[in-house]
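The block underneath contains the structure these notes are about, expressed in structure tokens.
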Amino acid sequence: MNIVIVGGGFTGIQLAKLLVNEKNTVSLIENDEDVARHIGNQVDCTVIVDDGNNLEVLETAGIAKADALVCVTSSDEVNMITCSLVDAVYPDVLKIARVRNYAYYVNTASAEKKHANEFAGGFRRPLYGINYMIHPDVEAAEAIIRAVENGAVGNVLTFDDSELELVRINVERGSKLCGSCLKNIRMLTDINFLVAYVEFDGRTYLPSGDTQITEDCILGVLLKKSDMSAVSELCGSKKRELRKVALIGAGRIGTTIAEQIFKPQEKTNFSKIKNFFTPKRAATDFVIIDKDKDLANDASAMFPDARVYCADASDETFLREEGIPDFDLAICATHNHELNMVLAAYLEGLGVKQSISLVTSSEFGVIATRLGVDVAIPLRDTIVDAIMSHLRGKAVKEIHTVSDLEIAECEISPESKMAGKMLKDIADPGKFLVLLVRKPGHENYQIAGGNTQINPGDHIVLIAQGEDSKKVLVNFAGKE
């Protein structure tokens, strides 16, 4: 693919690195000369020092032959204008824009929904020329909600509303799994699950049947939601019901989380996360804390049945007076990501049973985990994942990164080299692992096994080493 990126910040650089590693042709436009020079030393791509919202500059970067344009500058307006400009001249180019202003995001979504019926069966240009608008706060909030829905035991990936999910679980001391090889797990339990990856000693890798499970390693486990408690217990920890939850931060991310957990202006509380919040129980408690008076007042008006405090979440006297140390979960979702990490660890130290922290990147996620935070949601990596999902083309539906591994969903085409074969015959240990398969006409995915045969029209989810990901996807999808 030929891709033009406008904006050389963290997201632009990370995207360029990933795309170049997959042998794509990348041109990056950055108007700061020092930043551009830094990028040129890091990434093997064309770097142009100029403004990206200039058609001549874009054409110099190769927009006429590009498959996609990604605008991730610090200015929403520049991102949107650039997409609109390209759409007017090169409408076939896929256009993705990061937009931080929530008003732009929500108004665009509302307009699209309002006029959807007017163009049913027809075609019109996307608003502002943007095919996909990425809002960082929305992406982060959705990632946090997925973790909450699964009891905050670890980062969670879901697949097309399937009952299956990929959960990151710690193996605790005393676990029945300690000392066992993966090929022998079936002797310990009859629960159908699959270990997709293993994290240990700073390394993340694809396992084989001979991989030994040890104390303090982390497993990426593919399982049914209904089996989550049993598998957690097998790993040495029990999944708790989250009846008491404290949300630290009433900004955009916090409000979006609260809207899902605690429906505004609704008396039937916690209807979204019914597996862990039980509205019929009087003990259920939801608290929102923010030291900003205006944000606290807005949250109080929006969520009248929640307890909302304008207070400092690091004030131990306040926390103890309100009983926060006895809570089941603390979600730290302020825009101060370093504070989130410290608060989450601090609250667990006071007695809160589990914690979720929004952090800047995966590097900070490692630090947060070492501080004792149960789930760290890396904002920047979440945005990169969202953009990469849209860049994969029609054959590939979704992509996520786990350290150096990539998890992707794709459709098997008639041209696929793997079509008609059983997974045991095409296995390549250490390179990739097929996790899920969904057959045409079926709504649900099934966990893949060695005897699973894949055919054209099947949808699969696989995990692969980052450097091998593109080649593996091409082999399965049968096309770029």
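Ordering of the structure tokens sets the chain letters (A, B, ...), residue numbers begin anew at 1 in every chain, and ligands are numbered from 1 in the order given.
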
Within 7 Å of Leu234 of chain A using only C-alpha atoms, minus same-chain residues under 4 positions, as a list of chain:residue names | A:Ser175, A:Lys176, A:Leu177, A:Ala230

Selected residues written out, N, CA, C and O atoms, as a PDB file, in the first residue's frame:
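Below you can see again_18.pdb, which holds the result:
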ATOM      1  N   SER A 175      -1.361 -21.587  41.708  1.00  0.00           N
ATOM      2  CA  SER A 175      -2.223 -21.956  40.593  1.00  0.00           C
ATOM      3  C   SER A 175      -2.000 -23.415  40.192  1.00  0.00           C
ATOM      4  O   SER A 175      -0.881 -23.926  40.208  1.00  0.00           O
ATOM      5  N   LYS A 176      -3.075 -24.083  39.797  1.00  0.00           N
ATOM      6  CA  LYS A 176      -2.981 -25.469  39.331  1.00  0.00           C
ATOM      7  C   LYS A 176      -2.154 -25.572  38.050  1.00  0.00           C
ATOM      8  O   LYS A 176      -1.662 -26.650  37.705  1.00  0.00           O
ATOM      9  N   LEU A 177      -2.018 -24.452  37.348  1.00  0.00           N
ATOM     10  CA  LEU A 177      -1.293 -24.473  36.081  1.00  0.00           C
ATOM     11  C   LEU A 177       0.218 -24.411  36.250  1.00  0.00           C
ATOM     12  O   LEU A 177       0.968 -24.787  35.338  1.00  0.00           O
ATOM     13  N   ALA A 230     -14.069 -19.372  35.972  1.00  0.00           N
ATOM     14  CA  ALA A 230     -13.427 -20.673  36.169  1.00  0.00           C
ATOM     15  C   ALA A 230     -11.966 -20.640  35.733  1.00  0.00           C
ATOM     16  O   ALA A 230     -11.092 -21.201  36.413  1.00  0.00           O
TER      17      ALA A 230
END

Using only C-alpha atoms, determine which residues lie at most 10 Å from Pro456 of chain A, disregarding the query and same-chain residues fewer than 3 positions distant; provide the list as a list in words.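 My list of contacting residues is Glu411, Ile412, Ser413, Pro414, Glu415, Ser416, Met418, Ala419, Gly420, Lys439, Pro440, His459, Phe476, Ala477 and Gly478 of chain A.
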
- For segment 355-357 of chain A, list every protein, DNA or RNA residue within 8 Å, evaluated using only C-alpha atoms, and leave out those in the same chain fewer than 4 positions away; present the list as a ChimeraX atom specification. /A:144,152,329-333,337,340-341,344-345,347-348,368,373-377

Given only C-alpha atoms as the basis, pick out the residue of A:Ile454, A:Ile96, A:Val4, A:Val342 nearest to His390 of chain A.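 The shortest atom-to-atom distance to His390 of chain A comes from A:Ile96.
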
**Message:** Using only C-alpha atoms, which protein or nucleic acid residues come within 6 Å of Tyr445 of chain A? Drop anything in the same chain fewer than 4 positions from it, and give the result as a list in words.
**Reply:**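 The neighbour list is Leu436, Val437 and Arg438 of chain A.
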
Generate the output file for the selected residues, N, CA, C and O atoms, as a tab-separated table (two decimals), in the first residue's frame.
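The resulting file, selection25.tsv, is shown below:
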chain	number	residue	atom	x	y	z
A	436	LEU	N	-9.59	-18.07	16.15
A	436	LEU	CA	-11.03	-18.22	15.97
A	436	LEU	C	-11.38	-18.42	14.51
A	436	LEU	O	-10.69	-17.93	13.62
A	437	VAL	N	-12.48	-19.11	14.29
A	437	VAL	CA	-13.01	-19.31	12.94
A	437	VAL	C	-14.52	-19.12	12.98
A	437	VAL	O	-15.20	-19.63	13.87
A	438	ARG	N	-15.03	-18.37	11.99
A	438	ARG	CA	-16.48	-18.23	11.84
A	438	ARG	C	-16.86	-18.62	10.42
A	438	ARG	O	-16.37	-18.05	9.44

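Among A:Val434, A:Val308, A:Ala296, A:Ala36, the residue with the shortest atom-to-atom distance to Val195 of chain A, counting only C-alpha atoms, is A:Val434.
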